[in-house]
Every structure is written in structure tokens, then in C-alpha cells.
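Asker: Pasting start-v4.txt below, which is compact mmCIF, C-alpha atoms (C1' of nucleotides).
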# COMPACT_ATOMS: atom_id res chain seq x y z
CA MET N 13 92.13 40.76 119.79
CA ALA N 14 95.62 42.21 120.01
CA LYS N 15 95.79 45.98 119.92
CA PRO N 16 97.79 47.17 116.92
CA GLU N 17 100.20 49.99 117.68
CA THR N 18 99.44 52.00 114.61
CA THR N 19 95.81 52.19 113.74
CA SER N 20 94.32 54.64 111.34
CA VAL N 21 92.74 56.45 114.27
CA ASN N 22 96.08 56.77 116.05
CA ARG N 23 97.78 58.15 112.96
CA ARG N 24 95.02 60.66 112.54
CA SER N 25 95.43 62.07 116.01
CA GLU N 26 99.23 61.96 115.74
CA ILE N 27 98.96 64.15 112.66
CA ILE N 28 96.62 66.55 114.45
CA SER N 29 99.03 66.81 117.39
CA ALA N 30 101.90 67.52 115.04
CA ALA N 31 99.82 70.11 113.22
CA ILE N 32 98.92 71.91 116.44
CA GLU N 33 102.61 72.21 117.31
CA VAL N 34 103.80 73.28 113.89
CA PHE N 35 100.93 75.66 113.15
CA ALA N 36 101.30 77.32 116.56
CA GLU N 37 105.06 77.70 116.32
CA ILE N 38 105.37 78.76 112.71
CA GLY N 39 101.97 80.21 111.90
CA TYR N 40 99.27 78.38 109.96
CA TYR N 41 99.86 80.03 106.59
CA ARG N 42 103.64 79.92 106.79
CA ALA N 43 103.76 76.35 108.07
CA THR N 44 103.98 73.66 105.43
CA THR N 45 102.31 70.29 105.29
CA ALA N 46 105.81 68.85 104.90
CA GLN N 47 106.76 70.26 108.31
CA VAL N 48 103.66 68.72 109.85
CA ALA N 49 104.50 65.38 108.25
CA GLU N 50 108.08 65.52 109.49
CA ARG N 51 106.90 66.20 113.05
CA ALA N 52 104.46 63.29 112.79
CA LYS N 53 107.23 61.12 111.30
CA ILE N 54 105.34 60.29 108.15
CA SER N 55 105.60 61.39 104.54
CA GLN N 56 104.04 64.64 103.34
CA PRO N 57 101.52 63.13 100.92
CA TYR N 58 100.25 60.80 103.63
CA VAL N 59 98.85 63.80 105.47
CA PHE N 60 96.45 64.24 102.57
CA ARG N 61 95.12 60.73 102.94
CA PHE N 62 93.62 61.81 106.27
CA PHE N 63 92.92 65.47 105.60
CA SER N 64 92.19 66.25 102.02
CA THR N 65 93.23 69.90 102.39
CA LYS N 66 95.44 71.91 104.71
CA GLU N 67 92.36 73.79 105.89
CA ASN N 68 90.62 70.57 106.90
CA LEU N 69 93.63 69.75 109.03
CA LEU N 70 93.38 73.15 110.70
CA LEU N 71 89.68 72.60 111.38
CA ALA N 72 90.39 69.22 112.97
CA ALA N 73 93.11 70.80 115.12
CA LEU N 74 90.73 73.54 116.25
CA GLU N 75 88.09 70.99 117.17
CA VAL N 76 90.58 69.15 119.37
CA SER N 77 91.56 72.36 121.10
CA TRP N 78 87.95 73.40 121.73
CA SER N 79 87.10 69.94 123.07
CA ARG N 80 89.97 70.26 125.52
CA VAL N 81 88.48 73.43 127.02
CA ILE N 82 84.86 72.36 126.83
CA GLU N 83 85.36 68.88 128.30
CA SER N 84 87.43 70.07 131.22
CA PHE N 85 85.07 72.95 132.01
CA ARG N 86 82.13 70.55 131.86
CA LYS N 87 83.73 68.20 134.37
CA LEU N 88 84.39 71.11 136.73
CA VAL N 89 80.88 72.49 136.43
CA GLU N 90 79.42 69.07 137.24
CA THR N 91 81.55 68.44 140.31
CA THR N 92 82.31 71.80 141.93
CA SER N 93 80.37 73.54 144.68
CA PRO N 94 78.80 76.89 143.72
CA GLU N 95 80.99 79.02 145.99
CA LEU N 96 84.22 77.60 144.49
CA LEU N 97 83.07 77.46 140.88
CA GLU N 98 84.42 80.74 139.51
CA ALA N 99 87.82 80.37 141.16
CA LYS N 100 88.11 76.78 139.96
CA LEU N 101 87.22 77.71 136.39
CA ILE N 102 89.89 80.42 136.33
CA GLN N 103 92.40 78.00 137.79
CA GLU N 104 91.48 75.38 135.23
CA TYR N 105 91.98 77.76 132.32
CA VAL N 106 95.38 78.83 133.61
CA ASN N 107 96.24 75.15 133.82
CA ILE N 108 95.14 74.49 130.25
CA GLN N 109 97.20 77.43 129.12
CA GLU N 110 100.32 75.99 130.73
CA MET N 111 99.76 72.45 129.56
CA TYR N 112 98.47 73.20 126.05
CA GLN N 113 99.99 76.55 125.10
CA ASN N 114 100.07 75.59 121.44
CA GLU N 115 96.35 74.93 121.34
CA VAL N 116 95.69 78.38 122.77
CA LEU N 117 98.07 80.00 120.31
CA LEU N 118 96.34 78.20 117.46
CA GLN N 119 92.95 79.45 118.61
CA MET N 120 94.30 82.99 118.71
CA GLN N 121 95.51 82.62 115.15
CA ALA N 122 92.17 81.25 114.07
CA GLN N 123 90.39 84.28 115.53
CA THR N 124 92.04 86.41 112.86
CA ILE N 125 91.39 84.19 109.84
CA ARG N 126 88.64 85.46 107.54
CA GLU N 127 87.35 82.10 106.25
CA ASP N 128 83.78 81.02 106.82
CA ALA N 129 84.46 77.46 107.93
CA ILE N 130 87.08 78.58 110.43
CA GLN N 131 85.07 81.50 111.78
CA GLU N 132 82.08 79.21 112.24
CA THR N 133 84.15 76.72 114.23
CA MET N 134 85.42 79.55 116.43
CA ARG N 135 81.96 80.99 116.98
CA SER N 136 80.58 77.60 117.87
CA GLY N 137 83.38 76.95 120.39
CA PHE N 138 83.03 80.32 122.07
CA LYS N 139 79.25 80.00 122.18
CA GLU N 140 79.40 76.62 123.86
CA VAL N 141 81.87 77.82 126.49
CA ARG N 142 79.90 80.97 127.16
CA ASP N 143 76.58 79.15 127.46
CA MET N 144 78.06 76.58 129.83
CA VAL N 145 79.70 79.15 132.09
CA LEU N 146 76.64 81.38 132.11
CA ALA N 147 74.32 78.50 133.00
CA ALA N 148 76.68 77.40 135.76
CA PHE N 149 76.94 80.93 137.20
CA ARG N 150 73.15 81.21 137.19
CA GLU N 151 72.81 77.77 138.77
CA ALA N 152 75.25 78.88 141.45
CA GLY N 153 72.97 81.81 142.28
CA MET N 154 75.63 84.34 141.39
CA ASP N 155 74.38 87.88 140.89
CA LYS N 156 74.82 89.61 137.53
CA PRO N 157 75.73 86.28 135.90
CA GLU N 158 75.95 87.80 132.39
CA GLU N 159 78.46 90.39 133.54
CA ARG N 160 80.47 87.81 135.47
CA THR N 161 80.54 85.53 132.45
CA MET N 162 81.70 88.38 130.23
CA LEU N 163 84.45 89.31 132.66
CA PHE N 164 85.51 85.69 132.99
CA LEU N 165 85.91 85.40 129.23
CA ALA N 166 87.60 88.81 129.04
CA ARG N 167 90.21 87.83 131.62
CA GLY N 168 90.82 84.68 129.62
CA MET N 169 91.46 86.63 126.44
CA LEU N 170 93.87 89.03 128.18
CA CYS N 171 95.64 86.06 129.73
CA ASN N 172 96.06 84.55 126.27
CA VAL N 173 97.72 87.74 125.05
CA ALA N 174 99.91 88.07 128.14
CA VAL N 175 101.26 84.56 127.59
CA ALA N 176 101.56 84.88 123.81
CA ILE N 177 103.67 88.04 123.83
CA ASN N 178 105.38 87.14 127.11
CA LEU N 179 104.27 90.20 129.07
CA PRO N 180 102.94 88.81 132.37
CA GLU N 181 102.49 92.26 133.93
CA LEU N 182 99.36 92.62 131.78
CA MET N 183 97.62 90.35 134.32
CA LYS N 184 98.69 92.35 137.40
CA GLY N 185 95.74 93.41 139.53
CA MET K 14 107.01 126.43 97.55
CA ALA K 15 104.25 124.47 95.90
CA LYS K 16 103.25 121.27 97.68
CA PRO K 17 103.89 118.24 95.49
CA GLU K 18 101.09 115.69 95.52
CA THR K 19 103.31 112.68 95.71
CA THR K 20 106.19 113.01 98.08
CA SER K 21 108.28 110.14 99.24
CA VAL K 22 106.65 110.49 102.66
CA ASN K 23 103.16 110.23 101.17
CA ARG K 24 104.06 107.13 99.20
CA ARG K 25 105.46 105.54 102.30
CA SER K 26 102.28 106.00 104.25
CA GLU K 27 100.14 104.98 101.28
CA ILE K 28 102.04 101.70 101.18
CA ILE K 29 101.56 101.22 104.92
CA SER K 30 97.81 101.85 104.60
CA ALA K 31 97.59 99.34 101.78
CA ALA K 32 99.59 96.83 103.80
CA ILE K 33 97.30 97.20 106.81
CA GLU K 34 94.28 96.43 104.64
CA VAL K 35 95.79 93.52 102.77
CA PHE K 36 97.52 91.92 105.75
CA ALA K 37 94.35 92.18 107.85
CA GLU K 38 92.09 90.76 105.16
CA ILE K 39 94.29 87.99 103.85
CA GLY K 40 96.65 87.28 106.73
CA TYR K 41 100.24 88.49 106.92
CA TYR K 42 101.93 85.29 105.80
CA ARG K 43 99.46 84.52 103.06
CA ALA K 44 99.32 88.07 101.74
CA THR K 45 101.82 88.91 99.02
CA THR K 46 103.82 92.08 98.48
CA ALA K 47 102.28 92.15 94.99
CA GLN K 48 98.83 92.46 96.55
CA VAL K 49 100.01 95.31 98.75
CA ALA K 50 101.52 97.04 95.73
CA GLU K 51 98.34 96.63 93.73
CA ARG K 52 96.28 98.16 96.53
CA ALA K 53 98.72 101.07 96.75
CA LYS K 54 98.67 101.41 92.95
CA ILE K 55 102.40 101.01 92.52
CA SER K 56 104.60 98.21 91.23
CA GLN K 57 105.63 95.35 93.46
CA PRO K 58 109.38 96.04 93.40
CA TYR K 59 108.75 99.63 94.45
CA VAL K 60 107.50 98.43 97.83
CA PHE K 61 111.02 97.23 98.51
CA ARG K 62 112.48 100.67 97.88
CA PHE K 63 110.68 101.82 101.05
CA PHE K 64 110.70 98.63 103.10
CA SER K 65 113.61 96.37 102.43
CA THR K 66 111.75 93.30 103.66
CA LYS K 67 108.15 92.23 104.11
CA GLU K 68 108.72 92.04 107.85
CA ASN K 69 109.88 95.67 107.97
CA LEU K 70 106.63 96.64 106.30
CA LEU K 71 104.69 94.72 108.95
CA LEU K 72 106.63 96.47 111.71
CA ALA K 73 105.86 99.88 110.21
CA ALA K 74 102.18 98.95 109.95
CA LEU K 75 102.13 97.86 113.60
CA GLU K 76 103.72 101.12 114.69
CA VAL K 77 101.03 103.09 112.91
CA SER K 78 98.31 101.04 114.58
CA TRP K 79 99.83 101.44 118.06
CA SER K 80 100.25 105.18 117.53
CA ARG K 81 96.57 105.41 116.67
CA VAL K 82 95.58 103.94 120.04
CA ILE K 83 98.25 105.67 122.10
CA GLU K 84 97.74 109.15 120.64
CA SER K 85 93.98 109.10 121.01
CA PHE K 86 94.12 107.72 124.56
CA ARG K 87 96.68 110.38 125.44
CA LYS K 88 94.43 113.17 124.21
CA LEU K 89 91.53 111.80 126.23
CA VAL K 90 93.58 111.42 129.39
CA GLU K 91 94.77 115.00 129.12
CA THR K 92 91.33 116.53 128.60
CA THR K 93 88.79 114.37 130.43
CA SER K 94 87.51 114.82 133.98
CA PRO K 95 88.34 111.97 136.39
CA GLU K 96 84.75 110.80 136.85
CA LEU K 97 84.21 110.38 133.09
CA LEU K 98 87.64 108.98 132.25
CA GLU K 99 86.98 105.23 132.31
CA ALA K 100 83.75 105.49 130.33
CA LYS K 101 85.37 107.78 127.78
CA LEU K 102 88.33 105.44 127.31
CA ILE K 103 86.04 102.49 126.68
CA GLN K 104 83.99 104.57 124.26
CA GLU K 105 87.14 105.68 122.46
CA TYR K 106 88.38 102.13 122.01
CA VAL K 107 85.03 101.02 120.60
CA ASN K 108 85.29 103.93 118.20
CA ILE K 109 88.79 102.97 117.10
CA GLN K 110 87.58 99.43 116.56
CA GLU K 111 84.83 100.63 114.25
CA MET K 112 86.95 103.11 112.34
CA TYR K 113 90.15 101.07 112.11
CA GLN K 114 89.06 97.43 112.25
CA ASN K 115 91.95 96.37 110.06
CA GLU K 116 94.52 97.81 112.44
CA VAL K 117 92.99 95.88 115.30
CA LEU K 118 92.91 92.69 113.25
CA LEU K 119 96.55 93.18 112.36
CA GLN K 120 97.50 93.59 116.01
CA MET K 121 95.67 90.38 116.83
CA GLN K 122 97.64 88.59 114.15
CA ALA K 123 100.88 90.04 115.46
CA GLN K 124 100.13 88.72 118.94
CA THR K 125 100.53 85.19 117.60
CA ILE K 126 103.74 85.68 115.61
CA ARG K 127 106.84 84.19 117.23
CA GLU K 128 109.44 86.64 115.91
CA ASP K 129 111.53 88.75 118.26
CA ALA K 130 111.19 92.08 116.46
CA ILE K 131 107.42 91.71 116.22
CA GLN K 132 106.93 90.51 119.77
CA GLU K 133 109.04 93.40 121.05
CA THR K 134 106.90 95.91 119.15
CA MET K 135 103.77 94.36 120.61
CA ARG K 136 105.15 94.34 124.17
CA SER K 137 106.19 97.95 123.87
CA GLY K 138 102.78 99.03 122.60
CA PHE K 139 100.88 97.17 125.32
CA LYS K 140 103.23 98.47 128.00
CA GLU K 141 102.75 102.06 126.93
CA VAL K 142 98.96 101.76 126.90
CA ARG K 143 98.88 100.00 130.24
CA ASP K 144 101.20 102.51 131.90
CA MET K 145 99.20 105.44 130.59
CA VAL K 146 95.84 104.02 131.67
CA LEU K 147 97.15 102.99 135.06
CA ALA K 148 98.68 106.42 135.72
CA ALA K 149 95.43 108.10 134.66
CA PHE K 150 93.30 105.84 136.88
CA ARG K 151 95.60 106.60 139.84
CA GLU K 152 95.52 110.32 139.05
CA ALA K 153 91.73 110.12 139.00
CA GLY K 154 91.78 108.70 142.52
CA MET K 155 90.14 105.48 141.44
CA ASP K 156 90.37 102.62 143.93
CA LYS K 157 92.14 99.40 142.97
CA PRO K 158 93.65 101.09 139.90
CA GLU K 159 95.72 98.02 138.94
CA GLU K 160 92.65 95.81 138.90
CA ARG K 161 90.62 98.39 136.97
CA THR K 162 93.42 98.73 134.43
CA MET K 163 93.60 94.98 134.01
CA LEU K 164 89.85 94.71 133.54
CA PHE K 165 89.87 97.60 131.07
CA LEU K 166 92.49 95.83 128.95
CA ALA K 167 90.69 92.50 129.34
CA ARG K 168 87.42 93.92 128.07
CA GLY K 169 89.34 95.38 125.15
CA MET K 170 90.78 91.99 124.22
CA LEU K 171 87.38 90.27 124.43
CA CYS K 172 85.89 93.05 122.33
CA ASN K 173 88.59 92.44 119.70
CA VAL K 174 87.63 88.78 119.55
CA ALA K 175 83.90 89.50 119.47
CA VAL K 176 84.37 91.76 116.46
CA ALA K 177 86.89 89.53 114.72
CA ILE K 178 84.75 86.39 114.75
CA ASN K 179 81.49 88.35 114.50
CA LEU K 180 79.95 87.10 117.74
CA PRO K 181 78.69 90.24 119.51
CA GLU K 182 76.92 88.30 122.27
CA LEU K 183 80.36 87.72 123.80
CA MET K 184 80.17 91.30 125.07
CA LYS K 185 76.70 90.95 126.68
CA GLY K 186 76.70 91.91 130.33
C1' DT B 10 99.00 29.95 98.59
C1' DG B 11 97.14 33.71 96.30
C1' DA B 12 94.22 37.77 96.48
C1' DT B 13 92.69 41.98 98.60
C1' DT B 14 92.78 45.58 101.58
C1' DT B 15 95.43 48.90 104.37
C1' DG B 16 99.48 51.67 105.26
C1' DA B 17 102.90 54.15 103.35
C1' DT B 18 106.47 56.27 100.09
C1' DT B 19 108.96 58.49 95.97
C1' DA B 20 108.61 61.46 92.36
C1' DT B 21 106.49 65.20 90.21
C1' DT B 22 103.89 69.33 88.97
C1' DG B 23 101.98 73.74 88.31
C1' DA B 24 101.64 77.68 90.80
C1' DT B 25 103.31 81.20 93.62
C1' DC B 26 106.38 84.50 96.03
C1' DA B 27 110.07 87.64 98.08
C1' DA B 28 113.65 89.84 96.45
C1' DT B 29 117.06 91.62 92.85
C1' DC B 30 118.54 93.68 88.58
C1' DA B 31 118.48 96.37 84.84
C1' DC B 32 116.16 99.79 82.96
C1' DT B 33 113.02 104.03 81.82
C1' DT B 34 110.60 108.20 82.99
C1' DT B 35 109.83 112.25 85.47
C1' DT B 36 111.32 116.19 88.21
C1' DA B 37 113.96 119.98 89.29
C1' DA B 38 118.17 122.61 89.66
C1' DT B 39 122.00 124.87 87.11
C1' DA M 27 118.67 123.13 77.09
C1' DT M 28 121.43 119.96 80.00
C1' DT M 29 122.04 117.03 83.42
C1' DA M 30 121.78 114.74 87.63
C1' DA M 31 118.89 112.95 90.93
C1' DA M 32 114.50 110.93 92.19
C1' DA M 33 110.51 108.15 91.14
C1' DG M 34 109.05 104.20 89.19
C1' DT M 35 108.62 99.75 86.28
C1' DG M 36 109.28 95.08 83.57
C1' DA M 37 111.51 90.96 83.66
C1' DT M 38 113.48 87.46 86.09
C1' DT M 39 115.01 84.12 89.61
C1' DG M 40 115.66 80.66 92.92
C1' DA M 41 113.12 78.78 96.28
C1' DT M 42 109.10 76.85 98.05
C1' DC M 43 104.50 74.63 98.47
C1' DA M 44 99.88 72.14 98.22
C1' DA M 45 98.24 68.59 95.97
C1' DT M 46 98.31 64.39 92.67
C1' DA M 47 99.94 60.23 90.45
C1' DA M 48 102.09 56.13 90.53
C1' DT M 49 103.77 52.55 93.25
C1' DC M 50 105.39 49.59 96.90
C1' DA M 51 105.01 46.76 101.17
C1' DA M 52 102.88 44.55 104.70
C1' DA M 53 99.12 42.59 106.89
C1' DT M 54 94.69 40.04 106.60
C1' DC M 55 91.80 36.82 104.79
C1' DA M 56 89.70 33.18 101.70
Represent the structure from my file as C-alpha cells, please.

Answerer:
Amino acid sequence: MAKPETTSVNRRSEIISAAIEVFAEIGYYRATTAQVAERAKISQPYVFRFFSTKENLLLAALEVSWSRVIESFRKLVETTSPELLEAKLIQEYVNIQEMYQNEVLLQMQAQTIREDAIQETMRSGFKEVRDMVLAAFREAGMDKPEERTMLFLARGMLCNVAVAINLPELMKG
Amino acid sequence: MAKPETTSVNRRSEIISAAIEVFAEIGYYRATTAQVAERAKISQPYVFRFFSTKENLLLAALEVSWSRVIESFRKLVETTSPELLEAKLIQEYVNIQEMYQNEVLLQMQAQTIREDAIQETMRSGFKEVRDMVLAAFREAGMDKPEERTMLFLARGMLCNVAVAINLPELMKG
DNA sequence: TGATTTGATTATTGATCAATCACTTTTAAT
DNA sequence: ATTAAAAGTGATTGATCAATAATCAAATCA
């Protein structure tokens, strides 16, 4: 079987990638489905063949961005020695932020959207990350694992802001 | 001189209050100036007599929300004993978050907007808060004041998220 | 070959919005 | 009372957008 270059699955993820870029740069509500289509090099109505509404496209984009974080944290947790774990997790998140800035920006936007489906996706993503980190910190015999988990997440959120508004001194200390 | 009930200054701040509510609830880009006007009980074109563009209205709303934080932190810093300072600051921010949720939500939105004027307002607000807290922590003889300042801000950002997506367990620990 | 599915586009629509213009009403000073 | 300034509104506009309808084209298969 020859591998076709454009499968339906490929197109789908191309559209999601385009959406992540456009939504992050322009803002979800201001961005148009025509701009997403242009970035994905397809026609605007074709977006709706894959995602029946603009919101469904946003939800798919958010799921990709959460998977990015969750999958790479999971790999780290499974392969890193307890004494290095916290440092490696921090390092990994900084790396994700550099490589996938737009995904982080999109998550930040989604945090402020008052729509049930979107809030539920955000809650579920945060919960999964928190549970995984907390379990790993406990496994590693860290003391006050809840507090360390909270501070790990807190640093992550401040780092998001520092990058988003381009004010690196926020992370000094 | 009798005090008139509706001065130009009053109207201005009524419009800003309405804008903070509407922008926070609906999202800045999705919200319409007609919705702001309706909430302020004036006509839509009258908004533009005070704020020549929608973006200017957003900037005014952000300045109000930053003043809220900065003024109340400043009062605390000037009147609180060193050993209570950090706890009181945290308490005060939690209080602001309960009383002025919409202002916090609006700031979170603004963090993700890629427009120079807005980003500059956000940088300036964060800088002022950070400088004030850092100076106060130093004054109080705290050790590692930079790190404590960073962690104070970080906790604040995580708290914002926890409230915004309604996931209080994020703050456990 | 002819038929069917899959991939894709052009054209359109009904709704919506920021901003402007042309007015009217109210207030207050002379 | 008169008038000028200030406060405020209705009507409109030009642009823009999500979503749908109607088709076309190219593979795939019988």
C-alpha cells in the first residue's frame, strides 16, 4: 500500500495546526475561519467539513495542546530518577514553552472563556497534569508533595505570563 | 454649588464599569460596544464620545483594574508590620479576587492580546506591583526577597486560573 | 468503462459590528 | 426669556463573518 500524501487525517491535523497559530496570534474570537483556512492552504468552507463549528475547532486545538504537555510529562515521570524529577519537569515545561508558544498562548486564552465545553476541557487538562505531578512527587518521597505540586504549577502560570507579555524579569529569583 | 448626579466624569466611570463586566463575561473581542452601552444604560454611539475606539475603552478598563491592585497593596505596605506583611498581601489579593473577579478576568484576557498598547499597559502594571512587593519584602528584612516576590506573584497567577476555570483544588497545598 | 466515493471549491447569505452623521433634548449662564 | 453649550439619541453604513448550498474534480472500484 502506497502512503497517500493527503489523507483525511493529515488534513485534519493540518487544520488544527493552522488554527493554533491563527487563534494564538489574533485571538480566538477575532480570528476568522477564513484566516485558518488560508494558513492551512485550503478553502474556508472545507474547515467545516472537519469541524462543524468554530468552537469544535478550538476544542480540538486545546486537546492537542494538552496532549503535548501530558505526554511529555508522562515520559519524564516514567524515566527520571526521583532526585532529578522536579528540575527535569521544570526544564521540560520551559522547553515546551519555547517550542510551542502558540499552544501555551491558546491555553491562556481558553482559561478566560466562559463556555462550559471549553472550561471542562481546561479543568480536565489541569487535573490530569496536577494528579500526575503529585503522584510522581509522592512516589519520589518528596516532603509536602501537595505544596510542591502547587508551587510547580504556580511557577508555570507565572512563566506563561512572563513570556506572553514579554516581561522576563517576572521570573527573577 | 449643588452636586449634579450625572457629571461627565461619572458617566465615564459608569461606562468603564459596564465595560469591565461585559468584556469579562463575553470576551473583549466578542463583546460589542452596544452591549457595553446597554449595561451602562446609554446609547451605543455615546460610548464613542468618551472613548474614541473600543481599544481605548479596554485600556481605560485595564488602568482601573491595575489601580485597584496597586492602591490597595500600597496601603497595606505602608501600614502593616514586617512580620505580617506577606500574609496580609496574600489575603488582600484573595479579597480583590472575590470582590472584583471581572477585573481579574479582564487582566487575564489582556495578557493574551498581541497589541502594543495593551501589552505595554500590562507590563507597566506588573512591573509596578513587582517593584512595590520586592521593596517591601526587602524593607521587612525578609531573606531571598527576589525569590519570595516571584513566588508571591506565581501563587497569584495560579489563583487567577483556579478561580477562572473553577478548579479550586489547584490551590491545595 | 462507468459508477461511486472522497476531496475540494465557488458563490452566497443572513447576521452582526465599530464607527460616523445628523439630529434632539436638557442644562445653565446672561 | 434667550441662547449657547453640553448631554444624549436614532438611523445608517461599509465591512466582515460563520455557516450553507451547490457543484466540480479526482481517485477508487466493480

Asker: Kindly determine which residues of chain B lie within 9 Å of chain K, considering all atoms listed in the file, and give the answer as a ChimeraX atom specification.

Answerer: /B:26-29

Asker: Hey, what's within 12 Å of Lys87 in chain N if we count all atoms listed in the file and toss same-chain stuff fewer than 2 positions away? As a list in words, please?

Answerer: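 In the requested form, the answer reads Ser79, Arg80, Val81, Ile82, Glu83, Ser84, Phe85, Val89, Glu90, Thr91, Thr92, Leu97, Lys100, Leu101, Glu104, Met144, Val145 and Ala148 of chain N.
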
Asker: What is the distance, in Å and to one decimal place, between CA of Arg126 in chain N and CA of Val35 in chain K?

Answerer: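 According to the coordinates, CA of Arg126 in chain N and CA of Val35 in chain K are separated by 11.8 Å.
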
Asker: Mind running chain K against chain N at 9 Å and telling me each contacting residue's nearest atom pair with the distance in Å (one decimal), counting all atoms listed in the file, chain and number ascending, as a tab-separated table?

Answerer:
residue	atom	partner	partner_atom	distance
K:Ala37	CA	N:Thr124	CA	8.0
K:Glu38	CA	N:Arg126	CA	6.8
K:Ile39	CA	N:Arg126	CA	7.2
K:Gly40	CA	N:Ile125	CA	6.8
K:Tyr41	CA	N:Tyr41	CA	8.5
K:Tyr42	CA	N:Tyr41	CA	5.7
K:Arg43	CA	N:Tyr41	CA	5.7
K:Leu118	CA	N:Thr124	CA	6.4
K:Leu119	CA	N:Thr124	CA	8.2
K:Met121	CA	N:Thr124	CA	6.7
K:Gln122	CA	N:Thr124	CA	6.1
K:Gln124	CA	N:Ile177	CA	6.1
K:Thr125	CA	N:Gln121	CA	6.1
K:Ile126	CA	N:Gly39	CA	6.8
K:Arg127	CA	N:Glu37	CA	6.8
K:Gln132	CA	N:Ile177	CA	5.8
K:Glu133	CA	N:Ile177	CA	8.1
K:Met135	CA	N:Ile177	CA	7.1
K:Arg136	CA	N:Leu179	CA	6.5
K:Phe139	CA	N:Leu182	CA	8.0
K:Lys140	CA	N:Leu182	CA	8.0
K:Arg143	CA	N:Leu182	CA	7.6
K:Lys157	CA	N:Gly185	CA	7.8
K:Pro158	CA	N:Gly185	CA	8.0
K:Glu159	CA	N:Gly185	CA	4.6
K:Glu160	CA	N:Gly185	CA	4.0
K:Arg161	CA	N:Gly185	CA	7.6
K:Thr162	CA	N:Gly185	CA	7.7
K:Met163	CA	N:Gly185	CA	6.1
K:Leu164	CA	N:Arg167	CA	7.2
K:Leu166	CA	N:Leu170	CA	7.0
K:Ala167	CA	N:Ala166	CA	4.8
K:Arg168	CA	N:Ala166	CA	5.2
K:Gly169	CA	N:Ala166	CA	7.8
K:Met170	CA	N:Leu170	CA	5.8
K:Leu171	CA	N:Ala166	CA	4.8
K:Cys172	CA	N:Ala166	CA	8.1
K:Val174	CA	N:Gln123	CA	6.6
K:Ala177	CA	N:Thr124	CA	6.3
K:Ile178	CA	N:Gln131	CA	5.7
K:Asn179	CA	N:Arg135	CA	7.8
K:Leu180	CA	N:Arg135	CA	6.5
K:Glu182	CA	N:Lys139	CA	8.6
K:Leu183	CA	N:Met162	CA	6.6
K:Met184	CA	N:Met162	CA	6.1
K:Lys185	CA	N:Glu158	CA	6.6
K:Gly186	CA	N:Glu159	CA	4.0

Asker: Enter the distance from CA of Gly137 in chain N to CA of Glu26 in chain N, in Å, rounded to one decimal.

Answerer: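 Taking CA of Gly137 in chain N as the start and CA of Glu26 in chain N as the end point, the length is 22.3 Å.
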
Asker: Compute the chain M side of the contact with chain K at 9 Å, counting all atoms listed in the file, and hand it back as a PDB file with C-alpha atoms (C1' of nucleotides), keeping the file's coordinate frame.

Answerer:
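Result file is part.pdb:
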ATOM      1  C1'  DA M  33     110.510 108.150  91.140  1.00  0.00           C
ATOM      2  C1'  DG M  34     109.050 104.200  89.190  1.00  0.00           C
ATOM      3  C1'  DT M  35     108.620  99.750  86.280  1.00  0.00           C
TER       4       DT M  35
END

Asker: Name all residues at most 10 Å from DT36 in chain B (count all atoms listed in the file; drop same-chain ones fewer than 2 positions away) and give them as a ChimeraX atom specification.

Answerer: /B:34,38 /M:31-33

Asker: Which residue out of M:DA48, M:DC55, M:DA30, M:DA37 has the minimum interatomic distance to DA20 in chain B when only C-alpha atoms (C1' of nucleotides) are used?

Answerer: M:DA48

Asker: Please check which residues have atoms at most 8 Å from (96.8, 68.9, 89.1) in the file's coordinates, counting all atoms listed in the file, and write them as a PyMOL selection string.

Answerer: (chain B and resi 22-23) or (chain M and resi 45-46)
